[in-house]
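Chemist: The structure file structure.cif (mmCIF, C-alpha atoms and all ligand atoms) is provided below.
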```
data_entry
loop_
_atom_site.label_atom_id
_atom_site.label_comp_id
_atom_site.auth_asym_id
_atom_site.auth_seq_id
_atom_site.Cartn_x
_atom_site.Cartn_y
_atom_site.Cartn_z
CA MET A 28 -103.04 59.55 -122.44
CA ARG A 29 -106.76 60.05 -121.95
CA VAL A 30 -109.13 57.19 -121.12
CA ASP A 31 -112.91 57.66 -121.27
CA ILE A 32 -114.85 54.87 -119.63
CA ILE A 33 -118.51 54.38 -120.44
CA THR A 34 -120.40 52.32 -117.87
CA LEU A 35 -123.74 51.79 -116.16
CA HIS A 36 -121.87 51.32 -112.85
CA PRO A 37 -119.14 53.96 -112.43
CA ALA A 38 -118.94 53.28 -108.67
CA LEU A 39 -117.69 49.76 -109.44
CA ILE A 40 -114.36 51.06 -110.72
CA GLU A 41 -113.82 54.67 -109.70
CA GLU A 42 -112.11 53.66 -106.47
CA SER A 43 -109.43 51.71 -108.31
CA PHE A 44 -108.11 54.91 -109.90
CA LYS A 45 -107.72 56.79 -106.62
CA HIS A 46 -104.77 54.91 -105.17
CA SER A 47 -101.11 54.04 -105.60
CA MET A 48 -99.67 54.10 -109.08
CA MET A 49 -102.94 55.11 -110.78
CA LYS A 50 -103.25 58.11 -108.47
CA ARG A 51 -99.64 59.13 -109.07
CA ALA A 52 -100.03 58.85 -112.85
CA GLN A 53 -102.97 61.27 -112.75
CA GLN A 54 -101.22 63.67 -110.36
CA ARG A 55 -98.27 63.77 -112.76
CA ASN A 56 -100.69 64.51 -115.63
CA LEU A 57 -99.52 61.40 -117.44
CA VAL A 58 -103.02 60.02 -117.68
CA GLU A 59 -106.55 61.42 -117.46
CA ILE A 60 -109.39 59.08 -116.60
CA HIS A 61 -112.98 60.14 -117.15
CA LEU A 62 -116.00 58.09 -116.17
CA HIS A 63 -119.30 58.51 -118.03
CA ASN A 64 -122.49 57.13 -116.60
CA LEU A 65 -124.54 55.69 -119.44
CA ARG A 66 -127.72 56.45 -117.49
CA ASP A 67 -127.08 60.15 -118.16
CA PHE A 68 -127.79 59.33 -121.80
CA GLY A 69 -130.81 57.14 -121.04
CA PHE A 70 -134.46 57.84 -121.82
CA GLY A 71 -137.38 59.06 -119.71
CA LYS A 72 -137.91 59.44 -116.02
CA HIS A 73 -135.91 56.30 -115.26
CA LYS A 74 -133.03 57.15 -117.58
CA GLN A 75 -133.56 53.84 -119.32
CA ALA A 76 -130.45 52.50 -121.05
CA ASP A 77 -131.50 48.87 -121.66
CA ASP A 78 -134.57 47.05 -122.92
CA TYR A 79 -135.98 43.58 -123.68
CA ALA A 80 -134.33 41.57 -126.44
CA PHE A 81 -136.11 41.32 -129.79
CA GLY A 82 -137.17 37.71 -130.25
CA GLY A 83 -137.12 37.05 -126.51
CA GLY A 84 -134.38 35.64 -124.34
CA ALA A 85 -133.16 36.12 -120.82
CA GLY A 86 -131.93 39.46 -119.56
CA MET A 87 -132.00 43.04 -120.68
CA VAL A 88 -129.99 44.34 -123.62
CA MET A 89 -128.07 47.61 -123.51
CA MET A 90 -129.51 49.95 -126.15
CA ILE A 91 -127.43 51.41 -128.96
CA GLU A 92 -128.76 54.97 -128.80
CA PRO A 93 -127.48 56.07 -125.36
CA ILE A 94 -124.09 54.48 -126.16
CA ASP A 95 -123.92 56.15 -129.57
CA ASN A 96 -124.90 59.53 -128.09
CA CYS A 97 -122.24 59.24 -125.40
CA ILE A 98 -119.55 58.24 -127.92
CA GLU A 99 -120.61 60.98 -130.37
CA ASN A 100 -120.33 63.59 -127.60
CA LEU A 101 -116.79 62.47 -126.85
CA LYS A 102 -115.82 62.31 -130.53
CA LYS A 103 -116.88 65.95 -130.96
CA GLU A 104 -114.08 66.92 -128.59
CA ARG A 105 -111.17 64.79 -129.84
CA ILE A 106 -110.11 61.96 -132.12
CA TYR A 107 -110.00 58.51 -130.53
CA ASP A 108 -107.41 55.90 -131.45
CA GLU A 109 -109.55 52.99 -130.29
CA ILE A 110 -113.08 52.42 -129.02
CA ILE A 111 -112.76 49.27 -126.97
CA TYR A 112 -115.57 47.00 -125.81
CA MET A 113 -114.79 44.73 -122.87
CA SER A 114 -116.17 41.28 -123.64
CA PRO A 115 -115.30 37.65 -122.84
CA ASP A 116 -115.36 36.86 -126.57
CA GLY A 117 -112.89 39.61 -127.46
CA GLU A 118 -109.20 39.21 -128.21
CA GLU A 119 -107.37 37.85 -125.18
CA PHE A 120 -105.48 40.57 -123.29
CA CYS A 121 -101.72 40.05 -123.00
CA GLN A 122 -98.54 42.04 -122.36
CA PRO A 123 -97.81 42.89 -126.03
CA MET A 124 -101.34 44.29 -126.33
CA ALA A 125 -100.81 46.37 -123.18
CA ASN A 126 -97.54 47.68 -124.65
CA LYS A 127 -99.30 48.73 -127.87
CA LEU A 128 -102.25 50.37 -126.11
CA SER A 129 -99.97 52.31 -123.76
CA SER A 130 -98.64 54.35 -126.68
CA LEU A 131 -102.10 55.62 -127.71
CA LYS A 132 -103.34 59.12 -126.97
CA ASN A 133 -107.11 58.80 -126.54
CA ILE A 134 -109.14 55.66 -125.97
CA ILE A 135 -112.73 54.90 -125.04
CA ILE A 136 -113.51 51.79 -123.04
CA LEU A 137 -117.11 50.62 -123.07
CA CYS A 138 -118.18 48.30 -120.26
CA GLY A 139 -121.15 46.10 -121.02
CA HIS A 140 -122.91 42.98 -119.95
CA TYR A 141 -122.13 39.70 -121.59
CA LYS A 142 -124.96 38.77 -124.01
CA GLY A 143 -126.46 42.10 -123.06
CA ILE A 144 -125.49 44.70 -125.65
CA ASP A 145 -127.17 45.47 -128.96
CA GLU A 146 -125.01 43.76 -131.57
CA ARG A 147 -124.96 46.92 -133.72
CA VAL A 148 -122.77 48.59 -131.08
CA ARG A 149 -120.13 45.93 -131.74
CA GLU A 150 -120.63 46.06 -135.48
CA TYR A 151 -120.67 49.81 -136.05
CA LEU A 152 -119.29 51.70 -133.05
CA VAL A 153 -116.52 49.64 -131.52
CA THR A 154 -113.03 49.27 -133.05
CA LYS A 155 -111.63 46.57 -130.76
CA GLU A 156 -112.94 43.96 -128.30
CA ILE A 157 -110.84 42.77 -125.40
CA SER A 158 -111.29 39.81 -123.04
CA ILE A 159 -109.20 39.45 -119.90
CA GLY A 160 -109.62 35.67 -119.86
CA ASN A 161 -111.85 32.71 -120.54
CA TYR A 162 -114.39 33.28 -117.79
CA VAL A 163 -117.48 35.45 -117.59
CA LEU A 164 -117.73 38.43 -115.26
CA THR A 165 -121.04 40.15 -114.53
CA GLY A 166 -119.87 43.22 -116.40
CA GLY A 167 -116.88 44.74 -118.13
CA GLU A 168 -115.97 47.18 -115.32
CA LEU A 169 -113.48 45.02 -113.43
CA ALA A 170 -111.98 43.86 -116.71
CA ALA A 171 -111.56 47.52 -117.77
CA ALA A 172 -109.78 48.28 -114.48
CA VAL A 173 -107.35 45.42 -115.16
CA VAL A 174 -106.59 46.63 -118.68
CA ILE A 175 -106.16 50.26 -117.61
CA ASP A 176 -103.83 49.31 -114.76
CA ALA A 177 -101.65 47.21 -117.08
CA ILE A 178 -101.50 50.03 -119.66
CA VAL A 179 -100.96 53.02 -117.37
CA ARG A 180 -97.94 51.55 -115.55
CA LEU A 181 -96.17 51.32 -118.92
CA ILE A 182 -96.50 55.04 -119.68
CA PRO A 183 -93.04 56.61 -119.30
CA GLY A 184 -92.78 58.48 -116.00
CA VAL A 185 -95.46 56.50 -114.15
CA LEU A 186 -93.10 54.04 -112.50
CA ASN A 187 -90.19 55.48 -110.57
CA ASP A 188 -87.65 52.93 -111.72
CA ALA A 189 -87.50 53.18 -115.50
CA GLN A 190 -86.22 49.61 -115.64
CA SER A 191 -88.96 47.95 -113.67
CA ALA A 192 -91.66 47.83 -116.35
CA LEU A 193 -89.20 46.38 -118.83
CA SER A 194 -88.09 43.67 -116.41
CA ASP A 195 -91.68 42.57 -115.68
CA SER A 196 -92.78 39.02 -116.17
CA PHE A 197 -93.98 38.46 -119.77
CA GLN A 198 -92.04 41.36 -121.33
CA ASP A 199 -89.70 38.79 -122.90
CA ASN A 200 -92.11 35.85 -122.64
CA LEU A 201 -90.37 34.81 -119.42
CA ILE A 202 -91.63 34.84 -115.84
CA SER A 203 -89.69 37.14 -113.48
CA PRO A 204 -87.01 35.56 -111.26
CA PRO A 205 -87.62 35.38 -107.48
CA VAL A 206 -86.75 38.40 -105.35
CA TYR A 207 -85.78 38.60 -101.66
CA THR A 208 -85.25 41.24 -99.00
CA LYS A 209 -84.11 41.39 -95.37
CA PRO A 210 -83.70 39.40 -93.21
CA PHE A 211 -81.15 37.10 -94.84
CA GLU A 212 -82.41 34.28 -92.68
CA TYR A 213 -85.96 33.82 -91.37
CA LYS A 214 -86.96 30.69 -89.40
CA GLY A 215 -83.93 29.01 -90.96
CA TRP A 216 -85.11 29.88 -94.49
CA THR A 217 -82.26 31.62 -96.27
CA VAL A 218 -81.78 33.80 -99.34
CA PRO A 219 -79.70 32.29 -102.22
CA GLU A 220 -76.04 33.15 -101.44
CA ILE A 221 -75.35 34.33 -104.99
CA LEU A 222 -77.54 37.41 -104.44
CA LEU A 223 -75.17 38.62 -101.72
CA SER A 224 -72.00 37.78 -103.64
CA GLY A 225 -71.58 41.23 -105.21
CA HIS A 226 -70.76 39.61 -108.61
CA GLN A 227 -73.26 41.48 -110.78
CA ALA A 228 -72.63 39.45 -113.93
CA LYS A 229 -73.09 36.17 -112.05
CA ILE A 230 -76.23 37.51 -110.38
CA GLU A 231 -77.72 38.48 -113.77
CA ALA A 232 -76.88 35.02 -115.16
CA TRP A 233 -78.55 33.40 -112.13
CA LYS A 234 -81.66 35.53 -112.58
CA MET A 235 -81.93 34.57 -116.24
CA GLU A 236 -81.50 30.87 -115.38
CA GLN A 237 -84.22 31.16 -112.73
CA SER A 238 -86.57 32.90 -115.18
CA ILE A 239 -86.11 30.17 -117.77
CA GLU A 240 -86.53 27.35 -115.23
CA ARG A 241 -89.66 28.94 -113.74
CA THR A 242 -91.17 29.50 -117.16
CA LYS A 243 -90.46 25.86 -118.15
CA HIS A 244 -92.21 24.58 -115.04
CA ARG A 245 -95.03 27.05 -114.52
CA ARG A 246 -95.90 28.39 -117.97
CA PRO A 247 -94.27 26.19 -120.67
CA ASN A 248 -96.73 27.58 -123.24
CA LEU A 249 -94.89 30.92 -123.09
CA LEU A 250 -91.73 29.29 -124.45
CA LYS A 251 -93.59 27.93 -127.48
CA ASP A 252 -94.90 31.31 -128.68
N1 LIG B 301 -117.05 41.08 -119.40
C1 LIG B 301 -117.49 39.94 -118.84
N2 LIG B 301 -116.54 39.01 -118.77
C2 LIG B 301 -115.42 39.57 -119.32
C3 LIG B 301 -114.10 39.11 -119.56
N3 LIG B 301 -113.71 37.88 -119.24
N4 LIG B 301 -113.24 39.96 -120.15
C4 LIG B 301 -113.63 41.19 -120.52
N5 LIG B 301 -114.86 41.68 -120.32
C5 LIG B 301 -115.76 40.88 -119.74
#
```
Output the file's structure in the form of structure tokens.
Ligand code: ADE

Modeler:
Amino acid sequence: MRVDIITLHPALIEESFKHSMMKRAQQRNLVEIHLHNLRDFGFGKHKQADDYAFGGGAGMVMMIEPIDNCIENLKKERIYDEIIYMSPDGEEFCQPMANKLSSLKNIIILCGHYKGIDERVREYLVTKEISIGNYVLTGGELAAAVVIDAIVRLIPGVLNDAQSALSDSFQDNLISPPVYTKPFEYKGWTVPEILLSGHQAKIEAWKMEQSIERTKHRRPNLLKD
């Protein structure tokens, strides 16, 4: 999978791709991440990429032309499955969406500023808008990092244990059961005996029961979907 990220602030997210699972995925050539600084497509001495809003209003608006030029450059090289704009009024990100996106070959993710992008970008250039939740961030960069992390870990070969992505919380609309490790007892706090019983079938049944109970208490809305 190839992900091209278009942003005015590449430094805000580049670090998040240099560690842990994201680093391993790139080393294994399972994902390629390319950052494009929109300023490189800006105008004049100051590489201007935003301007005042027509009709007035607070804040600068990201211009369509540098964005279009950047996207056109990328499209000359390959076909993109989706051109995604990160925005609080996009479709709410969730596990099924991550599953779907993880099977794509090439995607562009455009990071913008809420209320700050020429509407024609959304109308004519973008194929999908994603929100990571009902709150407003200063820009789409951190939201893009969240989406990319959730997608990349689902690509076969990225996680060592093939089972672990499938047994994540939300994969079956249930929250994961609790997990424990050594020591068996800490400050008098013990691990549920069943987990040491060696009865695999009983352990699996216990885990399922725990998942259902947790979901009922913590996230009952998941059971209604
Ligand atoms: N940009 C600003 N806020 C955002 C959000 N909640 N989700 C996605 N992109 C955003």

Chemist: Pick out the residues no farther than 9 Å from ligand LIG 301 (chain B), counting all atoms listed in the file, and list them as a PyMOL selection string.

Modeler: chain A and resi 112-117+119-120+138-141+156-171

Chemist: Any idea what the distance is between atom CA of Lys251 of chain A and atom CA of Pro205 of chain A?

Modeler: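 If I compute the distance from atom CA of Lys251 of chain A to atom CA of Pro205 of chain A, I get 22.2 Å.
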
Chemist: With all atoms listed in the file as the counted atoms, please give the residues lying no more than 7 Å from Asn200 of chain A, apart from itself and same-chain residues fewer than 3 positions off, as a list in words.

Modeler: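 So, after excluding close chain neighbours, the residues are Phe197, Leu249 and Leu250 of chain A.
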
Chemist: Please tell me which residues are no farther than 12 Å from (-84.4, 37.3, -99.7) in the file, counting all atoms listed in the file, and write them as number ranges by chain.

Modeler: A: 204-213, 216-223

Chemist: Looking at A:Asn96, A:Ser203, A:Ser224, A:Ser47, which one is nearest to Arg245 of chain A, with distances taken over all atoms listed in the file?

Modeler: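 When distances to Arg245 of chain A are compared using all atoms listed in the file, the smallest one comes from A:Ser203.
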
Chemist: How close does segment 84-133 of chain A get to segment 64-70 of chain A? List, as CSV, each residue of segment 84-133 of chain A within 7 Å, its nearest atom pair and the distance in Å to one decimal, counting all atoms listed in the file.

Modeler:
```
residue,atom,partner,partner_atom,distance
A:Pro93,CA,A:Phe68,CA,4.8
A:Ile94,CA,A:Leu65,CA,6.8
A:Asn96,CA,A:Phe68,CA,6.9
A:Cys97,CA,A:Phe68,CA,6.6
```

Chemist: If we count only C-alpha atoms and set the cut-off at 12 Å, which residues sit around Arg51 of chain A, ignoring sequence neighbours fewer than 3 positions away in its own chain? Please answer as number ranges by chain.

Modeler: A: 44-48, 54-59, 179-180, 182, 184-187
